[in-house]
Amino acid sequence: MTRRPFKTATCNELLDTFYARLRQVSVEKLAFSGVGKRDVYNITAPFVHDGEEVILGRVEERDSEFSQVFFFTLCDGVWIPRAHTHTYNLQDPCVTHIKGELIVGGVEVITAGDDPQKIVSWVTQFYRGYRIDSMRHFSSGPAMMKDIRLIELQDGRIGVFTRPQGEKGGRGMIGFTIIDSLEELNEQTFLEAEIFQDQFVPEEWGGANEAQLLKNGHVGVLGHIACFDRLGKKHYYSMVFSLNPGTFETTPIKIIAARSDFPIGPGKRPDLQDVIFSGGLVRGERGRAVLSVGVSDAEAYRIELPDPFLEYELNG
């Protein structure tokens, strides 16, 4: 399928545009209890379930990569684990709703048989159900593929975003395909998705973190773009673009948030200090939106900023 050609921009070029824009933002750090001394980060955007506001978060020791995903609810300004709710041994949760069902995903780490502390691969796992307390596993992604995201499209079909690496995807590229039902969500679906070739230069990478249906039927994609610097440190930025699911045409990527938007704070490791994870976006009124992010693999924040999807509806 053909797409309108545009020059692929590097992280630094996108950052130049980002910092040149004047914008008003407000930042809030989320407080958690009930998880001991563990960090909570890489949260989803809040959603309402059975009348209460819920988020999912990655809960983890500072010196470990073995995490759990908790469901949290808000109590007196503090997020606490939802009562009597199962946790998942996963990283980096995501959530969406398809045909009324709650869909939760997360990354399972695979360890070496002779060394349970050595991570050798990872697999994205998906669960579905109409209630949090009765969800069941229904699909697994291919080995070594993170950032798989689902969305119900305007015509009722399901859009699937993928992120292959290696021979097909380099350091990480975004793919997309459409299926008719969740029963078609299998490894072949993930592997055969069309890859967007013009989003990242070969030395950089990115992925989709959340997808939202826009008023014009297009899909607003919240994700990340990332790069290494000369010292080997990682730099992750929140970005967006839109997709026409009828033609697979995409708009150029734009950065909407950076680590510099948030206060100085702890990081999991020195090479992860300049990292933010795009968890989810809640669009509000008066052209504003609230972005939920994990910061430096150690903390969770929300940032209110200009609605980045608005231009895609106005110009689509």
# chains A, B, ... in the order shown; residues from 1 in each chain; ligands from 1
>>> select_by_dssp(residues="segment 27-257 of chain A", states="helix (DSSP H, G or I)", output="VMD selection string")
chain A and resid 132 to 134 182 to 184 187 to 191
>>> write_last_selection(atoms="N, CA, C and O atoms", output="CSV table (one decimal), in the first residue's frame")
chain,number,residue,atom,x,y,z
A,132,ILE,N,-12.5,-7.5,35.6
A,132,ILE,CA,-11.1,-7.7,36.0
A,132,ILE,C,-10.9,-9.1,36.7
A,132,ILE,O,-9.9,-9.8,36.5
A,133,ASP,N,-11.9,-9.5,37.4
A,133,ASP,CA,-11.7,-10.7,38.3
A,133,ASP,C,-12.0,-12.0,37.5
A,133,ASP,O,-11.9,-13.1,38.1
A,134,SER,N,-12.3,-11.9,36.2
A,134,SER,CA,-12.6,-13.1,35.5
A,134,SER,C,-11.9,-13.1,34.1
A,134,SER,O,-12.5,-13.6,33.1
A,182,LEU,N,-10.9,-11.2,17.6
A,182,LEU,CA,-9.8,-11.6,18.4
A,182,LEU,C,-9.4,-13.0,18.3
A,182,LEU,O,-8.2,-13.4,18.6
A,183,GLU,N,-10.2,-13.9,17.7
A,183,GLU,CA,-9.9,-15.3,17.5
A,183,GLU,C,-8.8,-15.4,16.4
A,183,GLU,O,-8.1,-16.4,16.4
A,184,GLU,N,-8.6,-14.3,15.6
A,184,GLU,CA,-7.5,-14.4,14.6
A,184,GLU,C,-6.2,-13.9,15.2
A,184,GLU,O,-5.2,-13.8,14.4
A,187,GLU,N,0.3,-15.9,16.2
A,187,GLU,CA,1.6,-15.5,15.9
A,187,GLU,C,1.8,-15.2,14.4
A,187,GLU,O,2.5,-14.2,14.1
A,188,GLN,N,1.1,-15.8,13.5
A,188,GLN,CA,1.1,-15.5,12.1
A,188,GLN,C,0.6,-14.1,11.8
A,188,GLN,O,1.2,-13.4,11.0
A,189,THR,N,-0.4,-13.7,12.5
A,189,THR,CA,-0.9,-12.3,12.4
A,189,THR,C,0.1,-11.3,12.7
A,189,THR,O,0.4,-10.3,12.0
A,190,PHE,N,0.8,-11.5,13.8
A,190,PHE,CA,1.9,-10.6,14.3
A,190,PHE,C,3.0,-10.5,13.3
A,190,PHE,O,3.5,-9.5,12.9
A,191,LEU,N,3.4,-11.7,12.8
A,191,LEU,CA,4.6,-11.8,11.9
A,191,LEU,C,4.4,-11.2,10.5
A,191,LEU,O,5.3,-10.8,9.8
>>> closest_atom_pairs(of="segment 204-283 of chain A", to="segment 102-106 of chain A", cutoff="12 Å", atoms="only C-alpha atoms", output="Markdown table")
| residue | atom | partner | partner_atom | distance |
| --- | --- | --- | --- | --- |
| A:Asn209 | CA | A:Gly105 | CA | 10.9 |
| A:Glu210 | CA | A:Gly105 | CA | 11.2 |
| A:Gly279 | CA | A:Gly106 | CA | 11.9 |
>>> write_last_selection(atoms="N, CA and C atoms", output="PDB file, in the first residue's frame")
ATOM      1  N   ASN A 209       2.571   2.409  21.939  1.00  0.00           N
ATOM      2  CA  ASN A 209       2.225   2.116  23.330  1.00  0.00           C
ATOM      3  C   ASN A 209       0.725   2.164  23.600  1.00  0.00           C
ATOM      4  N   GLU A 210      -0.010   2.887  22.786  1.00  0.00           N
ATOM      5  CA  GLU A 210      -1.466   2.944  22.921  1.00  0.00           C
ATOM      6  C   GLU A 210      -2.030   3.458  21.608  1.00  0.00           C
ATOM      7  N   GLY A 279       2.552   5.622  28.674  1.00  0.00           N
ATOM      8  CA  GLY A 279       1.608   4.623  29.153  1.00  0.00           C
ATOM      9  C   GLY A 279       0.215   4.750  28.572  1.00  0.00           C
TER      10      GLY A 279
END
>>> residues_around(residues="Asp39 of chain A", least_positions_apart="2", cutoff="7 Å", atoms="only C-alpha atoms", output="number ranges by chain")
A: 37, 41, 59-62, 298-299
>>> residues_around(residues="Arg157 of chain A", least_positions_apart="3", cutoff="12 Å", atoms="only C-alpha atoms", output="ChimeraX atom specification")
/A:98-99,150-154,160,177-185,213,217,245-246
>>> write_last_selection(atoms="N, CA, C and O atoms", output="JSON list (two decimals), in the first residue's frame")
[["chain", "number", "residue", "atom", "x", "y", "z"],
["A", 98, "ILE", "N", -12.30, -3.84, 23.59],
["A", 98, "ILE", "CA", -12.72, -4.28, 22.27],
["A", 98, "ILE", "C", -14.06, -4.99, 22.38],
["A", 98, "ILE", "O", -14.18, -5.98, 23.13],
["A", 99, "LYS", "N", -15.06, -4.45, 21.71],
["A", 99, "LYS", "CA", -16.43, -4.99, 21.73],
["A", 99, "LYS", "C", -16.91, -5.20, 23.17],
["A", 99, "LYS", "O", -17.53, -6.22, 23.50],
["A", 150, "LEU", "N", -3.56, -3.26, 20.47],
["A", 150, "LEU", "CA", -4.79, -3.56, 19.75],
["A", 150, "LEU", "C", -5.75, -2.37, 19.84],
["A", 150, "LEU", "O", -5.73, -1.61, 20.80],
["A", 151, "ILE", "N", -6.61, -2.25, 18.82],
["A", 151, "ILE", "CA", -7.63, -1.20, 18.83],
["A", 151, "ILE", "C", -8.83, -1.65, 18.01],
["A", 151, "ILE", "O", -8.67, -2.26, 16.94],
["A", 152, "GLU", "N", -10.03, -1.35, 18.51],
["A", 152, "GLU", "CA", -11.24, -1.59, 17.73],
["A", 152, "GLU", "C", -11.44, -0.42, 16.78],
["A", 152, "GLU", "O", -11.50, 0.74, 17.19],
["A", 153, "LEU", "N", -11.52, -0.73, 15.49],
["A", 153, "LEU", "CA", -11.65, 0.30, 14.47],
["A", 153, "LEU", "C", -13.11, 0.70, 14.27],
["A", 153, "LEU", "O", -14.04, 0.08, 14.81],
["A", 154, "GLN", "N", -13.31, 1.73, 13.47],
["A", 154, "GLN", "CA", -14.65, 2.29, 13.28],
["A", 154, "GLN", "C", -15.60, 1.27, 12.67],
["A", 154, "GLN", "O", -16.80, 1.27, 12.97],
["A", 160, "VAL", "N", -4.08, -4.10, 14.69],
["A", 160, "VAL", "CA", -3.01, -4.71, 15.48],
["A", 160, "VAL", "C", -1.68, -4.04, 15.14],
["A", 160, "VAL", "O", -1.24, -4.07, 13.98],
["A", 177, "THR", "N", -1.55, -4.37, 11.03],
["A", 177, "THR", "CA", -2.43, -5.22, 10.23],
["A", 177, "THR", "C", -3.84, -5.13, 10.81],
["A", 177, "THR", "O", -4.03, -4.57, 11.90],
["A", 178, "ILE", "N", -4.81, -5.67, 10.09],
["A", 178, "ILE", "CA", -6.21, -5.63, 10.52],
["A", 178, "ILE", "C", -6.76, -7.04, 10.49],
["A", 178, "ILE", "O", -6.56, -7.79, 9.53],
["A", 179, "ILE", "N", -7.48, -7.41, 11.57],
["A", 179, "ILE", "CA", -8.13, -8.71, 11.64],
["A", 179, "ILE", "C", -9.62, -8.50, 11.92],
["A", 179, "ILE", "O", -10.04, -7.43, 12.34],
["A", 180, "ASP", "N", -10.39, -9.55, 11.70],
["A", 180, "ASP", "CA", -11.84, -9.44, 11.87],
["A", 180, "ASP", "C", -12.30, -9.70, 13.30],
["A", 180, "ASP", "O", -13.34, -9.20, 13.72],
["A", 181, "SER", "N", -11.53, -10.50, 14.05],
["A", 181, "SER", "CA", -11.94, -10.84, 15.41],
["A", 181, "SER", "C", -10.72, -11.21, 16.24],
["A", 181, "SER", "O", -9.64, -11.51, 15.69],
["A", 182, "LEU", "N", -10.89, -11.21, 17.56],
["A", 182, "LEU", "CA", -9.80, -11.57, 18.45],
["A", 182, "LEU", "C", -9.37, -13.02, 18.26],
["A", 182, "LEU", "O", -8.23, -13.39, 18.60],
["A", 183, "GLU", "N", -10.23, -13.86, 17.73],
["A", 183, "GLU", "CA", -9.88, -15.26, 17.49],
["A", 183, "GLU", "C", -8.78, -15.39, 16.44],
["A", 183, "GLU", "O", -8.12, -16.43, 16.36],
["A", 184, "GLU", "N", -8.55, -14.33, 15.64],
["A", 184, "GLU", "CA", -7.50, -14.36, 14.62],
["A", 184, "GLU", "C", -6.17, -13.85, 15.15],
["A", 184, "GLU", "O", -5.19, -13.78, 14.40],
["A", 185, "LEU", "N", -6.12, -13.52, 16.43],
["A", 185, "LEU", "CA", -4.89, -12.95, 16.99],
["A", 185, "LEU", "C", -3.93, -14.08, 17.33],
["A", 185, "LEU", "O", -3.99, -14.69, 18.40],
["A", 213, "LEU", "N", -9.10, 5.55, 18.70],
["A", 213, "LEU", "CA", -9.91, 5.86, 17.53],
["A", 213, "LEU", "C", -10.27, 7.34, 17.55],
["A", 213, "LEU", "O", -10.81, 7.85, 18.54],
["A", 217, "GLY", "N", -12.28, 8.49, 12.15],
["A", 217, "GLY", "CA", -12.04, 7.09, 11.83],
["A", 217, "GLY", "C", -10.58, 6.72, 11.74],
["A", 217, "GLY", "O", -10.24, 5.54, 11.60],
["A", 245, "PRO", "N", -6.48, 3.78, 8.62],
["A", 245, "PRO", "CA", -6.53, 2.32, 8.49],
["A", 245, "PRO", "C", -7.04, 1.84, 7.14],
["A", 245, "PRO", "O", -6.88, 0.67, 6.80],
["A", 246, "GLY", "N", -7.62, 2.75, 6.37],
["A", 246, "GLY", "CA", -8.08, 2.38, 5.04],
["A", 246, "GLY", "C", -6.96, 2.31, 4.02],
["A", 246, "GLY", "O", -7.00, 1.51, 3.08]]
>>> atom_distance(atom1="atom CA of Glu13 of chain A", atom2="atom CA of Gly166 of chain A")
24.8 Å
>>> select_by_dssp(residues="segment 12-236 of chain A", states="strand (DSSP E)", output="MDAnalysis selection string")
chainID A and resid 26:29 39:41 47:49 52:60 68:75 78:81 91:98 101:112 115:129 136:140 149:152 158:162 175:179 194:195 205:213 219:228 234:236
>>> atom_distance(atom1="atom CA of Asn42 of chain A", atom2="atom CA of Val27 of chain A")
15.7 Å
